[in-house]
Number of protein chains: 2
Amino acid sequence: MKLSKRGEYSLRALLSLTYAYSSNAFCSNQLRLISEKEDIPYKFLEQIMSALKHGGLVKSQKGKNGGYSLAKPPEKINLGEVIRLIDGPLAPTGNAEEIRGVIQRGERTAGIYSVLLDVRNAIADILDHTTLADVYQRTLELSRDRREQSGMYYI
Amino acid sequence: MKLSKRGEYSLRALLSLTYAYSSNAFCSNQLRLISEKEDIPYKFLEQIMSALKHGGLVKSQKGKNGGYSLAKPPEKINLGEVIRLIDGPLAPTGNAEEIRGVIQRGERTAGIYSVLLDVRNAIADILDHTTLADVYQRTLELSRDRREQSGMYYI
DNA sequence: ATTTGTCCTATCTGTTTTGTAGGATTATAG
DNA sequence: CTATAATCCTACAAAACAGATAGGACAAAT
């Protein structure tokens with residue numbers, strides 16, 4: 001598993017939508033704004049959002065004043081499905097099924113692959129149990145930690 | 001982290017050397033043989049072994065009847081160092097230091113990166129604590145399991 | 001001195017990643 | 001109704017990377 005630029009942009013854009021979702025604000029859910037705020041190339045972002053839409057993670061409103069929003073609440077979207085959709089399987093090589101096959105067929109590389117399966121399972125455990133809402137929460141806590149640590153307070 | 005063909009070939013070749021190391025046999029530690037047995041392109045394998053040598057994982061004997069052998073016992077070589085050497089950092093993106101930097105600076109992506117750090121730590125935990133000897137052992141067990149399961153016994 | 005191995009560097013080819021570009025389509029505002 | 005502003009769709013392109021391939025220099029045992 002390798003998180004590509006596409007993958008990172010996806011997560012950032014979805015997090016942007018999570019913010020809009022939580023705050024009931026219909027702001028910042030248009031590509032133009034997300035692109036600027038998150039510093040993601042506009043046309044590239046279009047492609048990414050299209051993929052996210054076909055994957056059922058976001059929905060869109062066409063036309064003037066249109067935009068994107070999450071297709072389900074942020075507690076129901078986990079990072080695993082996002083990354084699988086955009087970057088493919090989580091395993092270090094191939095996918096879980098392939099790896100299990102090699103192990104069960106007892107191929108010469110079965111020992112190696114059994115470690116690879118452990119790795120893929122460890123990755124999936126984390127990513128499949130971390131939702132956009134969790135990430136949003138973490139972001140808040142991290143920025144709060146930082147404010148407290150630096151002695152700065154914004155009003 | 002993504003295990004490339006190079007990475008997989010590295011592990012397979014090292015495991016081949018592990019076998020030679022354990023059995024005291026000086027067989028199968030020449031590139032030509034490893035290449036054939038493991039079905040790895042010979043010239044490609046040369047490059048890989050060169051990298052492994054410069055990384056201090058194997059040593060070589062030049063000239064006729066030369067070949068490769070592990071530079072230290074298989075219990076002291078873990079998969080983490082092999083993969084880092086050949087495929088780079090274990091983190092899903094960038095490396096652990098970069099990721100920690102983003103989190104500590106409290107950047108907008110800190111929440112995402114804190115999850116990525118968890119992932120990289122989970123990967124490192126496994127790979128840094130699994131040695132070539134462990135993999136060798138697993139391989140033996142897996143092939144034994146398979147023999148028992150299928151009712152076949154080789155003498 | 002010949003054979004058989006490692007060592008070193010350069011090159012090549014196809015794929016993937018990371019975008020750009022141009023226009024079609026759709027819905028809202030005025 | 002029309003202008004505007006958004007998503008939608010497809011094609012292309014440049015650059016980086018992966019996965020080799022090639023050719024020969026060097027070293028050591030026979």
# chains A, B, ... in the order shown; residues from 1 in each chain; ligands from 1
>>> closest_atom_pairs(of="chain D", to="chain B", cutoff="9 Å", atoms="only C-alpha atoms (C1' of nucleotides)", output="Markdown table")
| residue | atom | partner | partner_atom | distance |
| --- | --- | --- | --- | --- |
| D:DA18 | C1' | B:Ser4 | CA | 8.1 |
| D:DG19 | C1' | B:Lys5 | CA | 7.9 |
| D:DA20 | C1' | B:Phe44 | CA | 6.4 |
| D:DT21 | C1' | B:Lys43 | CA | 7.4 |
| D:DA27 | C1' | B:Gly63 | CA | 5.1 |
| D:DA28 | C1' | B:Gly63 | CA | 4.1 |
| D:DA29 | C1' | B:Lys64 | CA | 5.4 |
| D:DT30 | C1' | B:Lys64 | CA | 8.7 |
>>> select_by_dssp(residues="chain B", states="strand (DSSP E or B)", output="ChimeraX atom specification")
/B:58-61,67-70,78,131
>>> closest_atom_pairs(of="chain B", to="chain A", cutoff="7 Å", atoms="only C-alpha atoms", output="CSV")
residue,atom,partner,partner_atom,distance
B:Met1,CA,A:Lys2,CA,4.9
B:Lys2,CA,A:Pro92,CA,4.8
B:Leu3,CA,A:Pro92,CA,5.2
B:Pro92,CA,A:Lys2,CA,4.8
B:Thr93,CA,A:Leu3,CA,5.6
B:Gly106,CA,A:Ser143,CA,5.6
B:Ala110,CA,A:Thr139,CA,6.0
B:Gly111,CA,A:Thr139,CA,4.1
B:Ile112,CA,A:Val135,CA,6.1
B:Val119,CA,A:Ile123,CA,5.9
B:Ala122,CA,A:Ala122,CA,6.3
B:Ile123,CA,A:Val119,CA,5.8
B:Ile126,CA,A:Val119,CA,6.8
B:Val135,CA,A:Gly111,CA,5.3
B:Tyr136,CA,A:Gly111,CA,6.7
B:Arg138,CA,A:Gly111,CA,5.1
B:Thr139,CA,A:Gly111,CA,4.1
B:Leu142,CA,A:Gly106,CA,6.3
B:Ser143,CA,A:Gly106,CA,5.6
B:Arg146,CA,A:Gly106,CA,6.4
>>> closest_atom_pairs(of="chain B", to="chain C", cutoff="12 Å", atoms="only C-alpha atoms (C1' of nucleotides)", output="CSV")
residue,atom,partner,partner_atom,distance
B:Asn29,CA,C:DG5,C1',11.4
B:Gln30,CA,C:DG5,C1',8.1
B:Leu31,CA,C:DG5,C1',8.8
B:Arg32,CA,C:DG5,C1',9.2
B:Leu33,CA,C:DG5,C1',11.7
B:Lys43,CA,C:DT6,C1',11.6
B:Leu45,CA,C:DT6,C1',11.9
B:Glu46,CA,C:DT6,C1',8.5
B:Gln47,CA,C:DC7,C1',9.4
B:Met49,CA,C:DT6,C1',10.1
B:Ser50,CA,C:DC7,C1',8.0
B:Ala51,CA,C:DC7,C1',11.4
B:Lys53,CA,C:DC7,C1',11.2
B:His54,CA,C:DC7,C1',11.8
B:Lys59,CA,C:DT6,C1',11.0
B:Ser60,CA,C:DT6,C1',7.7
B:Gln61,CA,C:DT6,C1',7.3
B:Lys62,CA,C:DT6,C1',5.0
B:Gly63,CA,C:DG5,C1',4.6
B:Lys64,CA,C:DG5,C1',4.6
B:Asn65,CA,C:DG5,C1',6.3
B:Gly66,CA,C:DG5,C1',5.5
B:Gly67,CA,C:DG5,C1',7.1
B:Tyr68,CA,C:DT6,C1',9.1
>>> residues_around(residues="Ile86 of chain B", least_positions_apart="3", cutoff="8 Å", atoms="only C-alpha atoms (C1' of nucleotides)", output="list in words")
Arg6, Gly7, Ser10, Ala51, Leu52, Val82 and Ile83 of chain B
>>> atom_distance(atom1="atom CA of Tyr19 of chain B", atom2="atom CA of Lys37 of chain B")
12.6 Å
>>> atom_distance(atom1="atom CA of Ser35 of chain B", atom2="atom CA of His129 of chain B")
27.7 Å
>>> atom_distance(atom1="atom CA of Pro89 of chain B", atom2="atom CA of Arg84 of chain A")
20.8 Å
